[in-house]
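Trainee: Take this structure first; my questions come after.
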Amino acid sequence: MNNKLKNSLLASTIMAALGMSGCDNNNDAVAINESAIESKKASESAGNSAENSAEQHLTKLYLQAKQSLFKQRALSATMFGLSEQDVGLIVADKMEVFASADEARLRAELLSISNEIANIQLVDADITAKNNQQVMAGLTRYFAGDPNFTVGFIDTWMGLSPFIVNQINGPLIDIPRIMQNDQSITSEQEALAYIARLGQFDKLTASIIEKQTFDAAQNWLPPKVTLLGAIKYLNGFISVPAEQHSFVKVFSDKIEKVDSLSAEQKQGLIKQVITKVSEVVYPAFKSVTKASEQLLTQSRDESGIWAQPKGSIYYQDAIKQLGDSELTPSQIHQIGLDEVIRISSAMDKTLQAQGYKIGSVGERMVALNEEPRFLYEDSKAGRAELLSDINGYISEITTKMAPVFKTTPSYQVEVKAFPVEVQDGAPGGQYTSPAVDGSKPGIYWINLRDMKANPKFGLKTLTYHEANPGHHWQIALNLDQAELPFLRRIAPYNAYAEGWALYSEQVAFELGMYENDPFGDLGRLQAELFRAVRLVVDTGLHDKRWTREQAISYMAEKTGTAESDVIAEIERYMAWPGQALGYKLGMLKILSLREQAKRRLGDKFDLAEFHDVVLLNGAVPMAVLSRNINHWLDSKS
């Protein structure tokens, strides 16, 4: 946070605490008994001592929460670049386990910490301390999952994720990606840590199978489609000879750059990796494939979480945690329907102005997506051109953003295509965080499985969402706030993060990024329509009992998006109930707070200052964001 803003917030807090009482210079009026003064001082000292003690206790709990989480999520610790001091033990060679007893222990620890944080009394603390307490109580509850459920697993991004084996996330997708992209190999010791992790995949998969079996025994059964997608991924992951596997390729590339090792030492280490992949990793993946194939006979034909035991209760908690909303599914469904009508109308006007007048909005967008002028070539050269264009868009908007963003993150962003083995289940774009120490940049992942799914008119908007001023800008700035408790620096509040990224698309429009580019603006509107449709199909699947096919048909008809993307999206919502709600609900809240600020400040409203208030307090629940904005507005008064 810039010093001016910090001082303003601090000053307004002090003024609020002290009040604005007047003073009289008459000596007789201010004559006060000295013993009363001493008594007041002693009372204030005791109060300050108690307040300091409460804050010190909270600081210890924040560290305890961080270490409780990352001791059992060692690969996530690697992803964030955490040290032994951060976690309380060396994690570089540790593997995660997900057996039901381990999951129960983690959840109980975090729920206990959450309750303890929430129950500490802070009376005269400043807004930062109060925010820390409220947000940390919420985050630890988020990572503990709904205490009514013992199913699923704790994901350091998604919180409680319902199915430990699915086509889009989970340890067997996330852990390999972290090892390949985030695990440092700059010395022999680090190389041996990598090999040690490979040697523990049998332990990892045994725990996953146990958890899968434990959940199934409670009649918690994944939809057949998500399990089939997972099996396709599991088979694909081990479809090449071990020496050609990405685990080996990545290791070989990294070890080649370690100058302290001889060529003979490097070859010896590479052989160890090949052996571990062949003798441990491959059999481990086959064991999960076999268990999942056996579970197929029990898996559900129904697509929504409603079909699970107490599924409606699970979904309402997902709405609260991932949508940051107390609204009912039916209310959210209606917001989605209303937004679909509004955005479709705006798209219709633009399409008509460009001469596209026949058919529904969705049909005209499908036709647009077939025009060669909007498509990248389905070739190595076409993919290279696409990646080059993305980097150009990032550079261009970062320059344009300067007037409305005061604070710049210290971390860089890099663009990469999704690995082929995960692209079928992956979304069109995704962002992963930088390492805390800056050793790894933020990564904007783009899905190149189907080049038709990346039309040129939609690429700008996806880039603004995933990179700048969207996910990278927000997450990197959040990491920069070193004074916050660590879990706040990586806080995955879905409605805030996805709401900000969708809001960023609107900011790009306001900055003129689509000027003289009507088709690019159509891409922006299509992306916003996509997020409005998500409100309809997510609640449709999980509350109104829509089928997978019904949801696919609705999304394809309304948005005109490539079929491959629509199918992947709907199956994603089946695996992640509630996650798709955060985008639109979060964006609408940020826009409403901006309008509130404009009304109160009039000509004195500064968009760059507003953005600092939103971003530099970190990712927070919407109630805390509202409080921060109101606190800032009061200070401006």
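To be explicit about the labels: the chains of the structure tokens are called A, B, and onward in the order shown, and within each one the residues are counted from 1, while ligands get numbers from 1 in the order they are shown.
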May I have the residues within 7 Å of stretch 323-326 of chain A as a ChimeraX atom specification, using only C-alpha atoms and disregarding those fewer than 5 positions away in the same chain?
Mentor: /A:494-495,578-579,581-582,585,621-622
Trainee: Got a sec to tell me which of stretch 190-254 of chain A DSSP assigns to helix (DSSP H, G or I), as number ranges by chain?
Mentor: A: 190-198, 201-217, 224-237, 242-244, 246-254
Trainee: Restrict the selected residues to N, CA and C atoms and save them as a compact mmCIF listing (two decimals), in the first residue's frame.
Mentor:
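Now in result-v8.txt:
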# COMPACT_ATOMS: atom_id res chain seq x y z
N GLU A 190 18.88 -30.55 -4.42
CA GLU A 190 17.53 -30.32 -4.94
C GLU A 190 17.13 -31.40 -5.95
N ALA A 191 18.09 -31.89 -6.70
CA ALA A 191 17.82 -32.99 -7.63
C ALA A 191 17.38 -34.24 -6.86
N LEU A 192 18.06 -34.51 -5.76
CA LEU A 192 17.72 -35.69 -4.95
C LEU A 192 16.35 -35.53 -4.29
N ALA A 193 15.98 -34.29 -3.95
CA ALA A 193 14.66 -34.03 -3.38
C ALA A 193 13.57 -34.35 -4.40
N TYR A 194 13.80 -33.97 -5.65
CA TYR A 194 12.87 -34.26 -6.74
C TYR A 194 12.71 -35.77 -6.90
N ILE A 195 13.82 -36.47 -6.89
CA ILE A 195 13.80 -37.93 -7.02
C ILE A 195 13.09 -38.58 -5.84
N ALA A 196 13.31 -38.02 -4.65
CA ALA A 196 12.64 -38.55 -3.45
C ALA A 196 11.13 -38.43 -3.57
N ARG A 197 10.67 -37.32 -4.14
CA ARG A 197 9.22 -37.14 -4.32
C ARG A 197 8.67 -38.16 -5.33
N LEU A 198 9.40 -38.38 -6.40
CA LEU A 198 8.95 -39.38 -7.37
C LEU A 198 8.83 -40.75 -6.70
N PHE A 201 5.28 -41.62 -4.94
CA PHE A 201 3.99 -41.61 -5.64
C PHE A 201 3.13 -42.81 -5.27
N ASP A 202 3.75 -43.92 -4.89
CA ASP A 202 2.95 -45.07 -4.45
C ASP A 202 2.21 -44.74 -3.15
N LYS A 203 2.89 -44.03 -2.27
CA LYS A 203 2.26 -43.60 -1.01
C LYS A 203 1.13 -42.61 -1.28
N LEU A 204 1.39 -41.68 -2.20
CA LEU A 204 0.36 -40.70 -2.58
C LEU A 204 -0.87 -41.38 -3.14
N THR A 205 -0.70 -42.25 -4.12
CA THR A 205 -1.86 -42.86 -4.77
C THR A 205 -2.60 -43.82 -3.84
N ALA A 206 -1.87 -44.48 -2.96
CA ALA A 206 -2.55 -45.36 -1.98
C ALA A 206 -3.49 -44.53 -1.11
N SER A 207 -3.06 -43.33 -0.71
CA SER A 207 -3.91 -42.47 0.12
C SER A 207 -5.11 -41.96 -0.68
N ILE A 208 -4.91 -41.69 -1.95
CA ILE A 208 -6.01 -41.21 -2.80
C ILE A 208 -7.06 -42.30 -3.00
N ILE A 209 -6.60 -43.52 -3.24
CA ILE A 209 -7.54 -44.63 -3.41
C ILE A 209 -8.31 -44.86 -2.12
N GLU A 210 -7.63 -44.77 -0.99
CA GLU A 210 -8.32 -44.93 0.31
C GLU A 210 -9.38 -43.85 0.48
N LYS A 211 -9.05 -42.61 0.12
CA LYS A 211 -10.02 -41.51 0.28
C LYS A 211 -11.19 -41.68 -0.69
N GLN A 212 -10.90 -42.08 -1.90
CA GLN A 212 -11.94 -42.33 -2.88
C GLN A 212 -12.90 -43.42 -2.38
N THR A 213 -12.34 -44.47 -1.80
CA THR A 213 -13.13 -45.57 -1.26
C THR A 213 -13.94 -45.13 -0.06
N PHE A 214 -13.31 -44.33 0.81
CA PHE A 214 -13.97 -43.80 2.01
C PHE A 214 -15.19 -42.97 1.61
N ASP A 215 -15.04 -42.12 0.62
CA ASP A 215 -16.16 -41.28 0.17
C ASP A 215 -17.26 -42.12 -0.45
N ALA A 216 -16.87 -43.09 -1.26
CA ALA A 216 -17.87 -43.96 -1.91
C ALA A 216 -18.68 -44.73 -0.89
N ALA A 217 -18.05 -45.10 0.22
CA ALA A 217 -18.76 -45.82 1.28
C ALA A 217 -19.85 -44.97 1.92
N LYS A 224 -20.42 -39.88 -13.59
CA LYS A 224 -19.69 -40.79 -14.48
C LYS A 224 -18.79 -40.03 -15.45
N VAL A 225 -19.28 -38.89 -15.96
CA VAL A 225 -18.54 -38.12 -16.96
C VAL A 225 -17.21 -37.60 -16.39
N THR A 226 -17.23 -37.10 -15.15
CA THR A 226 -15.99 -36.57 -14.57
C THR A 226 -14.99 -37.70 -14.29
N LEU A 227 -15.50 -38.87 -13.92
CA LEU A 227 -14.62 -40.00 -13.66
C LEU A 227 -14.02 -40.52 -14.97
N LEU A 228 -14.82 -40.56 -16.04
CA LEU A 228 -14.30 -40.96 -17.35
C LEU A 228 -13.22 -40.00 -17.82
N GLY A 229 -13.43 -38.70 -17.59
CA GLY A 229 -12.42 -37.70 -17.95
C GLY A 229 -11.14 -37.91 -17.18
N ALA A 230 -11.27 -38.25 -15.89
CA ALA A 230 -10.09 -38.50 -15.05
C ALA A 230 -9.33 -39.73 -15.56
N ILE A 231 -10.05 -40.78 -15.91
CA ILE A 231 -9.41 -42.01 -16.40
C ILE A 231 -8.66 -41.72 -17.71
N LYS A 232 -9.25 -40.91 -18.56
CA LYS A 232 -8.58 -40.53 -19.81
C LYS A 232 -7.27 -39.81 -19.50
N TYR A 233 -7.30 -38.90 -18.54
CA TYR A 233 -6.08 -38.19 -18.14
C TYR A 233 -5.05 -39.16 -17.54
N LEU A 234 -5.49 -40.03 -16.64
CA LEU A 234 -4.58 -40.96 -15.97
C LEU A 234 -3.86 -41.85 -16.99
N ASN A 235 -4.62 -42.35 -17.97
CA ASN A 235 -4.01 -43.18 -19.01
C ASN A 235 -3.05 -42.36 -19.87
N GLY A 236 -3.45 -41.14 -20.20
CA GLY A 236 -2.62 -40.30 -21.05
C GLY A 236 -1.31 -39.91 -20.39
N PHE A 237 -1.34 -39.78 -19.08
CA PHE A 237 -0.16 -39.33 -18.35
C PHE A 237 0.98 -40.33 -18.43
N ALA A 242 8.88 -44.41 -20.27
CA ALA A 242 9.29 -43.63 -19.10
C ALA A 242 10.37 -42.60 -19.43
N GLU A 243 11.34 -43.00 -20.27
CA GLU A 243 12.44 -42.08 -20.57
C GLU A 243 11.99 -40.86 -21.38
N GLN A 244 10.76 -40.91 -21.96
CA GLN A 244 10.23 -39.77 -22.72
C GLN A 244 9.22 -38.96 -21.91
N SER A 246 7.40 -36.41 -19.31
CA SER A 246 7.69 -35.01 -18.98
C SER A 246 8.44 -34.89 -17.66
N PHE A 247 8.23 -35.79 -16.70
CA PHE A 247 9.01 -35.77 -15.47
C PHE A 247 10.51 -35.87 -15.78
N VAL A 248 10.83 -36.70 -16.76
CA VAL A 248 12.24 -36.91 -17.14
C VAL A 248 12.74 -35.73 -17.97
N LYS A 249 11.93 -35.27 -18.92
CA LYS A 249 12.35 -34.16 -19.79
C LYS A 249 12.62 -32.90 -18.97
N VAL A 250 11.71 -32.58 -18.08
CA VAL A 250 11.88 -31.37 -17.26
C VAL A 250 13.13 -31.48 -16.40
N PHE A 251 13.30 -32.64 -15.77
CA PHE A 251 14.47 -32.85 -14.91
C PHE A 251 15.76 -32.73 -15.73
N SER A 252 15.78 -33.36 -16.90
CA SER A 252 16.98 -33.32 -17.75
C SER A 252 17.32 -31.88 -18.15
N ASP A 253 16.29 -31.11 -18.50
CA ASP A 253 16.52 -29.72 -18.90
C ASP A 253 17.09 -28.90 -17.74
N LYS A 254 16.56 -29.12 -16.55
CA LYS A 254 17.00 -28.33 -15.39
C LYS A 254 18.38 -28.77 -14.91
Trainee: In Å to one decimal, how far is atom CA of A:Ser553 from atom CA of A:Ile319?
Mentor: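 Separating atom CA of A:Ile319 from atom CA of A:Ser553 is a distance of 23.7 Å.
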Trainee: Could you name the residues that touch A:Arg73 at 9 Å or less, counting only C-alpha atoms, but leaving out those on the same chain fewer than 6 positions away, as a CSV table (one decimal) with C-alpha atoms, in the first residue's frame?
Mentor:
chain,number,residue,atom,x,y,z
A,95,MET,CA,4.9,-35.8,-0.6
A,96,GLU,CA,1.3,-35.1,0.4
A,97,VAL,CA,-1.1,-37.8,1.6
A,155,ASP,CA,-7.3,-27.9,-2.2
A,156,THR,CA,-5.2,-24.8,-1.4
Trainee: Write out as an MDAnalysis selection string the residues lying within 12 Å of A:Pro147, counting only C-alpha atoms and excluding same-chain residues fewer than 2 positions away.
Mentor: chainID A and resid 103:104 106:112 114 141:145 149:152 160 313:314 317
Trainee: Figure out the distance between atom CA of A:Gly523 and atom CA of A:Lys406, please, to one decimal in Å.
Mentor: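 Between atom CA of A:Lys406 and atom CA of A:Gly523 the gap is 27.9 Å.
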Trainee: Per DSSP on the backbone, what are the strand (DSSP E or B) residues of stretch 156-404 of chain A, as an NGL selection string?
Mentor: :A and (159-161 or 223 or 300)
Trainee: Give me the residues within 12 Å of A:Arg524 as a PyMOL selection string, counting only C-alpha atoms and dropping any in the same chain fewer than 2 places off.
Mentor: chain A and resi 343-344+346-347+350+455-465+502-510+513-514+517-522+526-531+559
Trainee: Under the rule that only C-alpha atoms are counted, which of A:Trp546, A:Ala562, A:Lys71, A:Leu535 is the nearest residue to A:His333?
Mentor: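 Of the candidates, the smallest distance to A:His333 is held by A:Leu535.
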Trainee: Between A:Ala417, A:Glu363, A:Ser303, A:Val280, which residue has the minimum interatomic distance to A:Ala551, considering only C-alpha atoms?
Mentor: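 Comparing A:Ala417, A:Glu363, A:Ser303, A:Val280 against A:Ala551, the winner is A:Ser303.
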Trainee: I'd like the neighbourhood of stretch 595-600 of chain A as JSON, numbers by chain, where a residue qualifies if any of its atoms comes within 8 Å (using only C-alpha atoms), though same-chain residues fewer than 3 positions away should be ignored.
Mentor: {"A": [591, 592, 603, 605, 629, 633]}
Trainee: Between atom CA of A:Ile117 and atom CA of A:Asn132, what distance in Å does the model show, to one decimal?
Mentor: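 Interatomic distance, atom CA of A:Ile117 to atom CA of A:Asn132: 9.8 Å.
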Trainee: Please provide the set of residues having any atom within 7 Å of A:Val87, restricted to only C-alpha atoms, with same-chain residues fewer than 4 positions apart removed, written as a list in words.
Mentor: Gln67, Phe70, Lys71, Leu82 and Ser83 of chain A
